[in-house]
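Notes follow the structure.
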Amino acid sequence: MTTAVGPRTWSRRHLLDVDGLSRDELETILALAVDMRNVRAGREHPSLLEAETVALAFFEASTRTRISFELAAKALGATTVDLGVDRSSVSKGESLVDTLRTLERTGVTTVVIRHSDSGAPHLAARETGLRVINAGDGVHAHPTQALLDALTLREFFGSLDGRMVVIVGDVAHSRVARSNIHSLQSLGARVRVAGPAPWVADFNHWPGVEVATSLDDGLRDADAVMALRVQLERGAESFGDFVADWRLDEDRMALALPGAPILHPGPTNEGVELTAELANGPRSLIGRQVENGVPIRMAVLALVCGAV
Ligand code: CP
């Protein structure tokens with residue numbers, strides 16, 4: 001396979017977070033993802049992962065991440081297996097570590113894991129010989145979402161240096177926000193979080209992160225806006241009249257810089273954090289975020305498996 005990527009700066013067996021990845025490592029992933037579009041389009045047939053068996057172990061619901069990891073692994077020639085948590089022996093009380101060791105003994109080489117417990121992928125990396133990719137753990141991290149968001153924004157702006165990206169809504173319960181803060185800052189962007197005070201208070205202590213507790217202050221001079229879902233499954237309680245005070249629509253987007261795009265990691269609750277018109281309108285990069293999920297996950301799988 002020929003790639004546009006220069007000398008590799010990658011030596012990691014796992015992808016547990018974007019925290020700690022250097023800018024060079026982030027650039028390597030983004031550049032390889034662009035190359036991977038050619039593979040997916042059938043212009044190259046590298047079968048880079050034909051020796052690999054990739055397990056999808058999703059202990060929480062997922063559409064985008066689960067499907068795109070499966071398609072990414074298959075596009076690179078890997079064998080895939082879905083643990084199917086609900087019909088696995090987890091339902092009989094088998095522990096996470098025993099479950100993963102069982103997968104390893106059956107020949108699985110790499111596990112893509114989503115779990116409600118922050119740190120579950122780190123436990124998997126520590127206690128098994130599997131390569132581990134974090135597909136979202138509790139409120140902690142969602143590294144491949146942050147990577148596909150970075151790719152989407154880079155396609156739109158060219159460079160993120162100096163751009164102001166504003167993350168709006170239930171930031172407190174969002175692993176997507178935490179990972180995006182790390183990757184966007186590493187790629188040169190400025191980050192502001194905006195939401196009801198209890199949902200942004202923790203971020204007053206994050207280096208370089210601006211905090212706003214009104215939508216007017218939040219959207220001022222924004223180059224791009226990322227809306228977040230209210231994470232009811234993680235104990236989020238709405239504060240005041242969230243829809244009246246915080247729902248994004250075309251009129252409110254006028255507070256941002258002209259032409260500022262809207263992003264959302266999905267799933268969206270249209271009518272709550274943003275209107276259907278905004279989500280499906282000309283500013284929206286939400287569909288492009290989903291499209292970028294497969295090439296980003298192809299790149300991550302190829303790097304973690306040492307195949308490029
Ligand atoms: N953004 C995201 O993680 O979506 P899914 O829960 O559908 O995977």
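Chains: A, B, ... in order of the structure tokens. Residues: from 1 per chain. Ligands: from 1, in order shown.
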Extract, using only C-alpha atoms, all DNA, RNA and protein residues at most 10 Å from Leu153 of chain A, discarding same-chain residues fewer than 2 positions from it, and format them as a list in words.
Leu147, Leu148, Asp149, Ala150, Leu151, Glu155, Phe156, Phe157, Gly158, Ser159, Leu160, Arg163, Val165, Leu184, Ala224, Pro261, Leu263, Leu285, Arg288 and Gln289 of chain A
Any residue with an atom at most 9 Å from ligand 1 counts, using only C-alpha atoms and all ligand atoms. Which are they? Put them as a compact mmCIF listing (two decimals) with C-alpha atoms, in the first residue's frame.
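So pocket-v9.txt came out as:
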```
# COMPACT_ATOMS: atom_id res chain seq x y z
CA GLU A 60 -23.24 -0.16 25.93
CA ALA A 61 -25.48 0.62 22.98
CA SER A 62 -23.90 1.97 19.81
CA THR A 63 -24.75 2.38 16.15
CA ARG A 64 -22.04 4.56 14.58
CA THR A 65 -18.98 3.33 16.43
CA ARG A 66 -19.85 -0.37 16.36
CA ILE A 67 -20.87 -0.52 12.71
CA SER A 68 -17.96 1.59 11.49
CA ARG A 114 -17.21 0.18 24.84
CA ALA A 135 -14.73 2.80 21.76
CA GLY A 136 -15.99 4.94 24.66
CA HIS A 142 -13.98 8.42 23.21
CA THR A 144 -11.96 7.65 17.76
CA GLN A 145 -14.88 10.09 17.96
CA VAL A 176 -16.65 13.05 23.64
CA HIS A 264 -22.74 16.65 16.87
CA PRO A 265 -21.28 13.23 17.73
CA GLY A 266 -24.72 11.61 17.61
CA PRO A 267 -27.11 10.23 18.41
CA VAL A 290 -20.39 9.71 10.41
```
Nearest to Val54 of chain A, restricted to only C-alpha atoms and choosing among A:Cys305, A:Gly281, A:Asp249, A:Pro198, comes out as A:Cys305
Spatial neighbours of Asp98 of chain A, 12 Å, only C-alpha atoms, chain gap at least 5 places, as a short mmCIF file (atom, residue, chain, number, x, y, z; two decimals) with N, CA and C atoms, in the first residue's frame:
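Contents of result_21.cif, as written:
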```
data_model
loop_
_atom_site.label_atom_id
_atom_site.label_comp_id
_atom_site.auth_asym_id
_atom_site.auth_seq_id
_atom_site.Cartn_x
_atom_site.Cartn_y
_atom_site.Cartn_z
N SER A 89 -22.03 -14.90 27.88
CA SER A 89 -22.03 -15.39 29.26
C SER A 89 -21.83 -14.29 30.29
N VAL A 90 -21.69 -13.06 29.82
CA VAL A 90 -21.74 -11.91 30.74
C VAL A 90 -23.06 -11.94 31.48
N GLY A 93 -23.02 -13.77 34.61
CA GLY A 93 -22.16 -13.27 35.68
C GLY A 93 -20.68 -13.31 35.38
N LEU A 103 -12.08 -14.53 24.97
CA LEU A 103 -11.93 -14.11 23.57
C LEU A 103 -10.50 -14.33 23.10
N GLU A 104 -9.54 -13.96 23.94
CA GLU A 104 -8.13 -14.10 23.56
C GLU A 104 -7.79 -15.57 23.29
N ARG A 105 -8.29 -16.45 24.14
CA ARG A 105 -7.96 -17.88 23.97
C ARG A 105 -8.61 -18.48 22.73
N LEU A 123 -8.18 -1.54 31.98
CA LEU A 123 -8.14 -2.83 32.66
C LEU A 123 -7.90 -3.95 31.65
N ALA A 124 -8.59 -3.87 30.53
CA ALA A 124 -8.42 -4.89 29.48
C ALA A 124 -6.98 -4.92 28.98
N GLU A 127 -4.77 -6.53 31.82
CA GLU A 127 -5.02 -7.90 32.29
C GLU A 127 -5.07 -8.94 31.18
N THR A 128 -4.97 -8.52 29.93
CA THR A 128 -5.00 -9.48 28.82
C THR A 128 -3.85 -9.17 27.86
#
```
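In terms of minimum interatomic distance to Ser116 of chain A, A:Arg175 ranks closest within A:Arg131, A:Lys92, A:Lys74, A:Arg175, counting only C-alpha atoms.
Contact shell of Gln185 of chain A at 9 Å (only C-alpha atoms; same-chain neighbours under 6 positions omitted): Leu160, Asp161, Val191, Gly208 and Val209 of chain A.
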Identify, with DSSP run on backbone atoms, the residues in segment 28-147 of chain A assigned to alpha helix (DSSP H), and express the list as number ranges by chain.
A: 28-40, 64-75, 96-105, 120-127, 143-147
I'd like to know which of A:Ala75, A:Val108, A:Ala146, A:Leu219 is closest to Pro258 of chain A, using only C-alpha atoms.
A:Leu219
Measuring atom to atom with only C-alpha atoms, identify which of A:Gly84, A:Gly77, A:Gly188, A:Pro121 is nearest to Gly162 of chain A.
A:Gly188
I need the residues of segment 12-81 of chain A that end up classed as strand (DSSP E or B) by DSSP on the backbone, written out as a list in words.
Leu15, Thr53, Val54, Ala55, Leu56, Ala57, Phe58, Thr79, Thr80 and Val81 of chain A
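Among the candidates A:His122, A:Arg192, A:Arg252, A:His173, the residue lying nearest to Val97 of chain A is A:His122 (atoms considered: only C-alpha atoms).
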